[in-house]
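Data block below; observations after.
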Amino acid sequence: MIAILIDNHNESNYRLHMKPLLSSISVALAGVLLSGAAPAQDKVVNIYSSRHYQTDEALYSGFTKKTGIKVNRIEAGEDALIERIRNEGARSPADVMITVDAGRLWRAEQMGLFQPVNSDLLESRIPESFREPAGQWFGFSMRARVIAYNKSKVQPGEVETYEQLADPKWKGRVCMRSSTNIYNLSLMGALIDHLGADKAEAWAKAVRANLAQEPKGGDTDQLKAVAAGQCDVTVSNQYYYARLARSQKPDERQVAERIGIVFPNQQTWGTHVNISGAGVLKHAPHRAAAVQFLEYLASDEAQRYFAEGNNEWPVVASVKLDNPVLNALGEFKRDRLNVAVLGKNQPNSQKIYDRVAWK
Ligand SMILES: [Fe+2]
């Protein structure tokens, strides 16, 4: 029987808010899963996910309604989830793993956790740059790593590219999180591809020299530091900004109000984007149901739930969100680099950050 393990997201702010809620959900879910007879072989799919958002309920019940396939879920932190699947090995009940960042999906792929999926539907619905070329994993929502600035200290147009963050004019004015963080590793993976490793390293060295403080905290902490005037610019995934802007708490909305958002590199290679994604696991006991689930994630209905839950964008371009904050940010030119390259460059990215002592 499947046990439920619910862990926190690896963002410190998120953890503070969500942990009590998740604990109570884990108890409720365990009750649901442990009751009733074991479902027939093909009428169940076991999903291991590091996501947990309000829209997930609608997402999973939408799949069951459409296919008659029951969804069992295990939710855990990103790295704990991968570790768990690896430890379970060939006996793992997991059919599908859902997690965030191509760099992390790549790590799981390197461990041999996935099996390739050939699906005309997935190939036609999901843009090529959001799919692992051999079909090991697929992106189902898109996030952008944007530049955020303090509106009272920086004029619109003063910083328009990632490269400009290396300019000495920003000395003592930049906040950045740690280089061990997967988002910054993936950003470096893109910089290596577009600039070459030497220029990417020079960039990292110069940005490091511009830092107002030692790298610490998550993306939300960088945004709060910018709003509080501890530094003037940072980079962050856009959904952390959107969460603050849509918060029930006035002080969090105030943080967002003080911040301007830039989609970098609109005149060159486009804003660095990443994915939340999923793949079918190598030892999936319910392979057909697992593929059906991935195909469901690419449907119009699921695209909305999946993206909206975390203030991300659908990867299926024809699906439009009713998200006031994201819609206000407007359309932007995204990087067309295949996100699998971010994973392939990851070892080199870490070496570059280490060499410049980014921390
Ligand atoms: Fe995140």
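In the structure tokens, the first chain shown is A, the next is B, and so on; residue numbers restart at 1 for each chain, and ligands run from 1 in the order shown.
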
Segment 277-289 of chain A environment, 7 Å, only C-alpha atoms, sequence neighbours closer than 5 positions dropped, as a JSON list (two decimals) with all heavy atoms, in the first residue's frame:
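Full text of around13.json as output:
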[["chain", "number", "residue", "atom", "x", "y", "z"],
["A", 42, "ASP", "N", -5.30, -1.26, -14.39],
["A", 42, "ASP", "CA", -5.22, -0.13, -15.32],
["A", 42, "ASP", "C", -6.04, 1.06, -14.88],
["A", 42, "ASP", "O", -6.08, 2.06, -15.57],
["A", 42, "ASP", "CB", -5.66, -0.58, -16.71],
["A", 42, "ASP", "CG", -4.66, -1.55, -17.29],
["A", 42, "ASP", "OD1", -3.45, -1.41, -17.00],
["A", 42, "ASP", "OD2", -5.08, -2.46, -18.01],
["A", 45, "VAL", "N", -3.33, 5.45, -11.32],
["A", 45, "VAL", "CA", -2.00, 5.96, -11.65],
["A", 45, "VAL", "C", -1.41, 6.56, -10.38],
["A", 45, "VAL", "O", -2.10, 7.25, -9.63],
["A", 45, "VAL", "CB", -2.05, 6.97, -12.82],
["A", 45, "VAL", "CG1", -2.83, 8.24, -12.47],
["A", 45, "VAL", "CG2", -0.64, 7.34, -13.29],
["A", 90, "ALA", "N", 13.41, -0.83, -8.61],
["A", 90, "ALA", "CA", 12.48, -1.57, -9.48],
["A", 90, "ALA", "C", 11.15, -1.86, -8.79],
["A", 90, "ALA", "O", 10.17, -2.16, -9.45],
["A", 90, "ALA", "CB", 13.13, -2.87, -9.94],
["A", 92, "SER", "N", 9.47, 0.36, -7.11],
["A", 92, "SER", "CA", 8.74, 1.62, -6.92],
["A", 92, "SER", "C", 7.34, 1.55, -7.51],
["A", 92, "SER", "O", 7.16, 1.12, -8.65],
["A", 92, "SER", "CB", 9.50, 2.78, -7.57],
["A", 92, "SER", "OG", 8.74, 3.97, -7.41],
["A", 93, "PRO", "N", 6.33, 1.98, -6.75],
["A", 93, "PRO", "CA", 4.97, 2.04, -7.30],
["A", 93, "PRO", "C", 4.75, 3.29, -8.15],
["A", 93, "PRO", "O", 3.70, 3.46, -8.75],
["A", 93, "PRO", "CB", 4.09, 2.09, -6.04],
["A", 93, "PRO", "CG", 4.96, 2.73, -4.99],
["A", 93, "PRO", "CD", 6.39, 2.37, -5.34],
["A", 94, "ALA", "N", 5.76, 4.16, -8.22],
["A", 94, "ALA", "CA", 5.57, 5.45, -8.89],
["A", 94, "ALA", "C", 5.46, 5.29, -10.41],
["A", 94, "ALA", "O", 6.27, 4.62, -11.03],
["A", 94, "ALA", "CB", 6.75, 6.37, -8.56],
["A", 95, "ASP", "N", 4.43, 5.91, -10.97],
["A", 95, "ASP", "CA", 4.26, 5.90, -12.43],
["A", 95, "ASP", "C", 4.77, 7.19, -13.06],
["A", 95, "ASP", "O", 5.34, 7.17, -14.15],
["A", 95, "ASP", "CB", 2.77, 5.74, -12.78],
["A", 95, "ASP", "CG", 2.22, 4.40, -12.35],
["A", 95, "ASP", "OD1", 2.81, 3.37, -12.75],
["A", 95, "ASP", "OD2", 1.22, 4.37, -11.60],
["A", 96, "VAL", "N", 4.50, 8.32, -12.39],
["A", 96, "VAL", "CA", 4.83, 9.63, -12.95],
["A", 96, "VAL", "C", 5.53, 10.45, -11.86],
["A", 96, "VAL", "O", 5.12, 10.41, -10.70],
["A", 96, "VAL", "CB", 3.54, 10.38, -13.38],
["A", 96, "VAL", "CG1", 3.85, 11.83, -13.78],
["A", 96, "VAL", "CG2", 2.85, 9.66, -14.53],
["A", 97, "MET", "N", 6.56, 11.17, -12.25],
["A", 97, "MET", "CA", 7.12, 12.16, -11.33],
["A", 97, "MET", "C", 6.89, 13.56, -11.90],
["A", 97, "MET", "O", 7.17, 13.82, -13.07],
["A", 97, "MET", "CB", 8.61, 11.98, -11.10],
["A", 97, "MET", "CG", 9.13, 13.00, -10.10],
["A", 97, "MET", "SD", 10.86, 12.80, -9.62],
["A", 97, "MET", "CE", 11.67, 13.66, -10.95],
["A", 98, "ILE", "N", 6.38, 14.44, -11.04],
["A", 98, "ILE", "CA", 6.20, 15.86, -11.41],
["A", 98, "ILE", "C", 7.15, 16.68, -10.54],
["A", 98, "ILE", "O", 7.13, 16.54, -9.32],
["A", 98, "ILE", "CB", 4.75, 16.34, -11.13],
["A", 98, "ILE", "CG1", 3.73, 15.47, -11.87],
["A", 98, "ILE", "CG2", 4.59, 17.81, -11.51],
["A", 98, "ILE", "CD1", 2.27, 15.82, -11.55],
["A", 99, "THR", "N", 7.94, 17.53, -11.16],
["A", 99, "THR", "CA", 8.79, 18.41, -10.37],
["A", 99, "THR", "C", 9.10, 19.68, -11.15],
["A", 99, "THR", "O", 8.65, 19.85, -12.27],
["A", 99, "THR", "CB", 10.07, 17.68, -9.90],
["A", 99, "THR", "OG1", 10.71, 18.46, -8.88],
["A", 99, "THR", "CG2", 11.06, 17.47, -11.04],
["A", 100, "VAL", "N", 9.86, 20.56, -10.53],
["A", 100, "VAL", "CA", 10.15, 21.86, -11.17],
["A", 100, "VAL", "C", 11.60, 21.96, -11.57],
["A", 100, "VAL", "O", 12.48, 21.41, -10.91],
["A", 100, "VAL", "CB", 9.78, 23.05, -10.25],
["A", 100, "VAL", "CG1", 8.30, 23.06, -9.95],
["A", 100, "VAL", "CG2", 10.59, 23.02, -8.96],
["A", 113, "LEU", "N", 15.99, 7.37, -13.98],
["A", 113, "LEU", "CA", 14.67, 7.18, -13.36],
["A", 113, "LEU", "C", 13.52, 7.15, -14.37],
["A", 113, "LEU", "O", 12.46, 6.62, -14.08],
["A", 113, "LEU", "CB", 14.40, 8.27, -12.32],
["A", 113, "LEU", "CG", 15.38, 8.37, -11.14],
["A", 113, "LEU", "CD1", 14.84, 9.32, -10.08],
["A", 113, "LEU", "CD2", 15.67, 7.01, -10.53],
["A", 114, "PHE", "N", 13.72, 7.74, -15.55],
["A", 114, "PHE", "CA", 12.61, 7.86, -16.50],
["A", 114, "PHE", "C", 12.70, 6.82, -17.62],
["A", 114, "PHE", "O", 13.75, 6.22, -17.83],
["A", 114, "PHE", "CB", 12.63, 9.24, -17.16],
["A", 114, "PHE", "CG", 12.31, 10.38, -16.23],
["A", 114, "PHE", "CD1", 13.24, 11.40, -16.03],
["A", 114, "PHE", "CD2", 11.10, 10.44, -15.57],
["A", 114, "PHE", "CE1", 12.95, 12.47, -15.18],
["A", 114, "PHE", "CE2", 10.80, 11.50, -14.71],
["A", 114, "PHE", "CZ", 11.74, 12.51, -14.52],
["A", 115, "GLN", "N", 11.60, 6.64, -18.33],
["A", 115, "GLN", "CA", 11.60, 5.91, -19.60],
["A", 115, "GLN", "C", 11.05, 6.85, -20.67],
["A", 115, "GLN", "O", 10.22, 7.70, -20.38],
["A", 115, "GLN", "CB", 10.75, 4.64, -19.50],
["A", 115, "GLN", "CG", 9.29, 4.88, -19.18],
["A", 115, "GLN", "CD", 8.46, 3.61, -19.30],
["A", 115, "GLN", "OE1", 8.34, 3.04, -20.38],
["A", 115, "GLN", "NE2", 7.89, 3.17, -18.18],
["A", 136, "GLN", "N", 12.02, 11.75, -22.51],
["A", 136, "GLN", "CA", 12.15, 11.29, -21.11],
["A", 136, "GLN", "C", 11.32, 12.15, -20.16],
["A", 136, "GLN", "O", 10.86, 11.66, -19.14],
["A", 136, "GLN", "CB", 13.61, 11.35, -20.68],
["A", 136, "GLN", "CG", 14.50, 10.53, -21.57],
["A", 136, "GLN", "CD", 15.19, 9.39, -20.83],
["A", 136, "GLN", "OE1", 14.79, 8.99, -19.74],
["A", 136, "GLN", "NE2", 16.22, 8.86, -21.42],
["A", 137, "TRP", "N", 11.19, 13.43, -20.48],
["A", 137, "TRP", "CA", 10.35, 14.31, -19.65],
["A", 137, "TRP", "C", 9.84, 15.47, -20.50],
["A", 137, "TRP", "O", 10.40, 15.77, -21.56],
["A", 137, "TRP", "CB", 11.10, 14.81, -18.41],
["A", 137, "TRP", "CG", 12.52, 15.24, -18.61],
["A", 137, "TRP", "CD1", 13.64, 14.47, -18.46],
["A", 137, "TRP", "CD2", 12.98, 16.56, -19.00],
["A", 137, "TRP", "NE1", 14.76, 15.23, -18.73],
["A", 137, "TRP", "CE2", 14.39, 16.50, -19.06],
["A", 137, "TRP", "CE3", 12.34, 17.76, -19.29],
["A", 137, "TRP", "CZ2", 15.17, 17.61, -19.40],
["A", 137, "TRP", "CZ3", 13.12, 18.86, -19.63],
["A", 137, "TRP", "CH2", 14.52, 18.77, -19.68],
["A", 138, "PHE", "N", 8.79, 16.09, -20.02],
["A", 138, "PHE", "CA", 8.08, 17.13, -20.77],
["A", 138, "PHE", "C", 7.76, 18.30, -19.84],
["A", 138, "PHE", "O", 7.42, 18.09, -18.68],
["A", 138, "PHE", "CB", 6.75, 16.58, -21.33],
["A", 138, "PHE", "CG", 6.93, 15.40, -22.24],
["A", 138, "PHE", "CD1", 7.08, 14.11, -21.71],
["A", 138, "PHE", "CD2", 6.95, 15.55, -23.62],
["A", 138, "PHE", "CE1", 7.24, 13.01, -22.54],
["A", 138, "PHE", "CE2", 7.12, 14.46, -24.46],
["A", 138, "PHE", "CZ", 7.26, 13.19, -23.92],
["A", 139, "GLY", "N", 7.81, 19.51, -20.38],
["A", 139, "GLY", "CA", 7.42, 20.68, -19.60],
["A", 139, "GLY", "C", 5.93, 20.93, -19.76],
["A", 139, "GLY", "O", 5.40, 20.84, -20.86],
["A", 140, "PHE", "N", 5.24, 21.25, -18.64],
["A", 140, "PHE", "CA", 3.80, 21.51, -18.73],
["A", 140, "PHE", "C", 3.41, 22.92, -18.31],
["A", 140, "PHE", "O", 2.27, 23.33, -18.50],
["A", 140, "PHE", "CB", 3.03, 20.45, -17.92],
["A", 140, "PHE", "CG", 3.12, 19.09, -18.55],
["A", 140, "PHE", "CD1", 4.00, 18.13, -18.07],
["A", 140, "PHE", "CD2", 2.36, 18.79, -19.68],
["A", 140, "PHE", "CE1", 4.10, 16.89, -18.67],
["A", 140, "PHE", "CE2", 2.45, 17.54, -20.29],
["A", 140, "PHE", "CZ", 3.33, 16.59, -19.79]]

To test your reading of the structure, identify every residue in segment 198-326 of chain A that backbone DSSP assigns to helix (DSSP H, G or I), and report it as a compact mmCIF listing (two decimals) with N, CA and C atoms, in the first residue's frame.
# COMPACT_ATOMS: atom_id res chain seq x y z
N ASP A 198 33.61 31.16 -21.30
CA ASP A 198 34.52 32.19 -20.80
C ASP A 198 33.78 33.47 -20.43
N LYS A 199 32.92 33.91 -21.34
CA LYS A 199 32.17 35.15 -21.06
C LYS A 199 31.16 34.93 -19.93
N ALA A 200 30.60 33.73 -19.85
CA ALA A 200 29.65 33.43 -18.77
C ALA A 200 30.37 33.50 -17.42
N GLU A 201 31.61 33.02 -17.39
CA GLU A 201 32.38 33.08 -16.14
C GLU A 201 32.73 34.53 -15.79
N ALA A 202 33.11 35.30 -16.79
CA ALA A 202 33.41 36.72 -16.54
C ALA A 202 32.17 37.43 -16.00
N TRP A 203 31.02 37.08 -16.54
CA TRP A 203 29.74 37.65 -16.06
C TRP A 203 29.54 37.30 -14.58
N ALA A 204 29.70 36.03 -14.25
CA ALA A 204 29.48 35.58 -12.86
C ALA A 204 30.44 36.31 -11.91
N LYS A 205 31.69 36.47 -12.34
CA LYS A 205 32.68 37.13 -11.51
C LYS A 205 32.29 38.59 -11.26
N ALA A 206 31.85 39.26 -12.32
CA ALA A 206 31.50 40.68 -12.21
C ALA A 206 30.21 40.87 -11.40
N VAL A 207 29.24 40.00 -11.58
CA VAL A 207 27.99 40.11 -10.80
C VAL A 207 28.30 39.84 -9.33
N ARG A 208 29.16 38.86 -9.10
CA ARG A 208 29.57 38.55 -7.71
C ARG A 208 30.17 39.79 -7.05
N ALA A 209 30.98 40.51 -7.82
CA ALA A 209 31.65 41.72 -7.30
C ALA A 209 30.65 42.85 -7.05
N ASN A 210 29.48 42.77 -7.68
CA ASN A 210 28.46 43.82 -7.52
C ASN A 210 27.50 43.57 -6.36
N ASP A 219 14.14 33.28 -3.58
CA ASP A 219 13.78 34.38 -4.49
C ASP A 219 12.94 35.44 -3.76
N THR A 220 12.01 35.01 -2.93
CA THR A 220 11.16 35.96 -2.22
C THR A 220 11.99 36.88 -1.32
N ASP A 221 13.03 36.30 -0.72
CA ASP A 221 13.91 37.11 0.13
C ASP A 221 14.64 38.17 -0.69
N GLN A 222 15.03 37.83 -1.92
CA GLN A 222 15.71 38.82 -2.78
C GLN A 222 14.73 39.95 -3.11
N LEU A 223 13.48 39.59 -3.42
CA LEU A 223 12.47 40.61 -3.76
C LEU A 223 12.22 41.53 -2.57
N LYS A 224 12.13 40.94 -1.39
CA LYS A 224 11.90 41.75 -0.18
C LYS A 224 13.08 42.66 0.09
N ALA A 225 14.31 42.16 -0.16
CA ALA A 225 15.51 42.98 0.05
C ALA A 225 15.52 44.17 -0.91
N VAL A 226 15.09 43.94 -2.14
CA VAL A 226 15.02 45.03 -3.13
C VAL A 226 13.96 46.05 -2.69
N ALA A 227 12.81 45.57 -2.28
CA ALA A 227 11.73 46.48 -1.85
C ALA A 227 12.16 47.28 -0.61
N GLN A 238 9.23 34.71 -11.90
CA GLN A 238 8.13 35.68 -11.89
C GLN A 238 7.02 35.29 -10.91
N TYR A 239 6.89 33.99 -10.60
CA TYR A 239 5.74 33.61 -9.76
C TYR A 239 5.91 34.06 -8.30
N TYR A 240 7.16 34.28 -7.87
CA TYR A 240 7.34 34.81 -6.52
C TYR A 240 6.83 36.25 -6.43
N TYR A 241 7.09 36.99 -7.49
CA TYR A 241 6.55 38.36 -7.57
C TYR A 241 5.02 38.31 -7.62
N ALA A 242 4.48 37.40 -8.44
CA ALA A 242 3.02 37.31 -8.58
C ALA A 242 2.36 36.91 -7.27
N ARG A 243 3.00 35.99 -6.53
CA ARG A 243 2.45 35.60 -5.22
C ARG A 243 2.35 36.80 -4.29
N LEU A 244 3.41 37.61 -4.27
CA LEU A 244 3.40 38.80 -3.41
C LEU A 244 2.32 39.77 -3.88
N ALA A 245 2.24 39.97 -5.18
CA ALA A 245 1.27 40.93 -5.72
C ALA A 245 -0.17 40.49 -5.48
N PRO A 250 -1.45 42.80 3.21
CA PRO A 250 -1.10 44.12 2.67
C PRO A 250 0.41 44.37 2.61
N ASP A 251 1.16 43.90 3.62
CA ASP A 251 2.61 44.17 3.60
C ASP A 251 3.30 43.44 2.45
N GLU A 252 2.79 42.26 2.07
CA GLU A 252 3.37 41.54 0.93
C GLU A 252 3.01 42.23 -0.39
N ARG A 253 1.77 42.71 -0.46
CA ARG A 253 1.38 43.46 -1.68
C ARG A 253 2.22 44.72 -1.82
N GLN A 254 2.55 45.33 -0.68
CA GLN A 254 3.39 46.53 -0.71
C GLN A 254 4.79 46.24 -1.26
N VAL A 255 5.32 45.07 -0.93
CA VAL A 255 6.63 44.67 -1.48
C VAL A 255 6.54 44.68 -3.01
N ALA A 256 5.49 44.05 -3.54
CA ALA A 256 5.33 43.98 -5.00
C ALA A 256 5.14 45.36 -5.61
N GLU A 257 4.44 46.22 -4.89
CA GLU A 257 4.18 47.57 -5.43
C GLU A 257 5.46 48.39 -5.59
N ARG A 287 1.97 1.91 -16.97
CA ARG A 287 2.57 2.76 -17.99
C ARG A 287 1.52 3.46 -18.86
N ALA A 288 0.53 2.71 -19.30
CA ALA A 288 -0.48 3.29 -20.21
C ALA A 288 -1.22 4.43 -19.52
N ALA A 289 -1.58 4.21 -18.26
CA ALA A 289 -2.28 5.26 -17.51
C ALA A 289 -1.39 6.46 -17.30
N ALA A 290 -0.09 6.20 -17.12
CA ALA A 290 0.87 7.29 -16.91
C ALA A 290 0.96 8.17 -18.16
N VAL A 291 1.02 7.54 -19.33
CA VAL A 291 1.08 8.31 -20.58
C VAL A 291 -0.22 9.11 -20.76
N GLN A 292 -1.34 8.46 -20.42
CA GLN A 292 -2.62 9.17 -20.50
C GLN A 292 -2.63 10.40 -19.61
N PHE A 293 -2.01 10.25 -18.44
CA PHE A 293 -1.97 11.39 -17.52
C PHE A 293 -1.15 12.53 -18.10
N LEU A 294 0.01 12.22 -18.66
CA LEU A 294 0.82 13.28 -19.29
C LEU A 294 0.03 13.95 -20.41
N GLU A 295 -0.69 13.14 -21.19
CA GLU A 295 -1.47 13.73 -22.29
C GLU A 295 -2.59 14.62 -21.76
N TYR A 296 -3.15 14.20 -20.63
CA TYR A 296 -4.16 15.05 -20.00
C TYR A 296 -3.56 16.38 -19.56
N LEU A 297 -2.31 16.35 -19.04
CA LEU A 297 -1.66 17.59 -18.59
C LEU A 297 -1.48 18.59 -19.74
N ASP A 300 -6.26 21.59 -22.73
CA ASP A 300 -6.56 22.99 -22.39
C ASP A 300 -6.93 23.13 -20.91
N GLU A 301 -7.82 22.26 -20.45
CA GLU A 301 -8.30 22.32 -19.07
C GLU A 301 -7.15 22.17 -18.06
N ALA A 302 -6.32 21.14 -18.25
CA ALA A 302 -5.24 20.88 -17.31
C ALA A 302 -4.16 21.95 -17.39
N GLN A 303 -3.92 22.46 -18.59
CA GLN A 303 -2.93 23.53 -18.75
C GLN A 303 -3.27 24.73 -17.88
N ARG A 304 -4.56 25.06 -17.83
CA ARG A 304 -4.98 26.20 -16.99
C ARG A 304 -4.74 25.91 -15.52
N TYR A 305 -5.19 24.74 -15.04
CA TYR A 305 -5.00 24.39 -13.63
C TYR A 305 -3.53 24.36 -13.26
N PHE A 306 -2.74 23.72 -14.11
CA PHE A 306 -1.33 23.47 -13.81
C PHE A 306 -0.56 24.79 -13.74
N ALA A 307 -0.84 25.69 -14.66
CA ALA A 307 -0.11 26.97 -14.69
C ALA A 307 -0.63 27.91 -13.60
N GLU A 308 -1.95 28.00 -13.48
CA GLU A 308 -2.54 28.95 -12.55
C GLU A 308 -2.16 28.65 -11.10
N PRO A 324 -4.44 38.17 -13.41
CA PRO A 324 -4.29 39.62 -13.58
C PRO A 324 -2.84 40.10 -13.50
N VAL A 325 -2.04 39.51 -12.62
CA VAL A 325 -0.65 39.96 -12.45
C VAL A 325 0.19 39.58 -13.68
N LEU A 326 0.08 38.32 -14.10
CA LEU A 326 0.86 37.90 -15.28
C LEU A 326 0.39 38.63 -16.53

Practice task
State, in Å with one decimal place, the distance from atom CA of Glu163 of chain A to atom CA of Asn265 of chain A.
Solution key: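 These atoms are spaced 8.6 Å apart.
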
Problem - Which of A:Asn311, A:Asp232, A:Asn274, A:Tyr60 sits closest to Arg246 of chain A [using only C-alpha atoms] - result: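 Of A:Asn311, A:Asp232, A:Asn274, A:Tyr60, the one nearest Arg246 of chain A is A:Asn311, counting only C-alpha atoms.
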
Handout entry: Residue list (strand (DSSP E or B), DSSP) for segment 42-79 of chain A, as a ChimeraX atom specification
Key = /A:44-49,70-75

Problem - d(atom CA of Gly270 of chain A, atom CA of Arg336 of chain A) in Å - result: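 Pair atom CA of Gly270 of chain A / atom CA of Arg336 of chain A returns 7.6 Å.
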
Problem - Environment of ligand 1 within 12 Å, counting only C-alpha atoms and all ligand atoms, reported as a ChimeraX atom specification - result: /A:8-15,50-52,77-78,99-101,104,142-145,181-184,218-220,236-243,274-276,310-312

Practice task
Do a neighbour search on Val235 of chain A at 6 Å with only C-alpha atoms, toss out local chain neighbours closer than 4 positions, and write the hits as a list in words.
Solution key: Val146, Ile147 and Ala148 of chain A

Handout entry: Contacts of Asp120 of chain A within 12 Å, only C-alpha atoms, excl. fewer than 2 positions in-chain, as a PyMOL selection string
Key = chain A and resi 117-118+122-126+135+291+294-295+298

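Rounded to one decimal, atom CA of Ile47 of chain A and atom CA of Gly189 of chain A lie 28.7 Å from each other.
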
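Taking only C-alpha atoms into account, Ser186 of chain A lies nearest to A:Leu105 out of the set A:Leu105, A:Ala357, A:Ile85, A:Ala80.
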
Exercise for the section: Select, from A:Gln248, A:Thr271, A:Gln110, A:Thr234, the residue with the minimum atom-to-atom distance to Val154 of chain A, counting only C-alpha atoms. Expected result: A:Thr234

Problem - Residue with smallest distance to Glu158 of chain A - pool A:Arg334, A:Trp170, A:Gly112, A:Tyr353, counting only C-alpha atoms - result: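 Nearest to Glu158 of chain A: A:Trp170.
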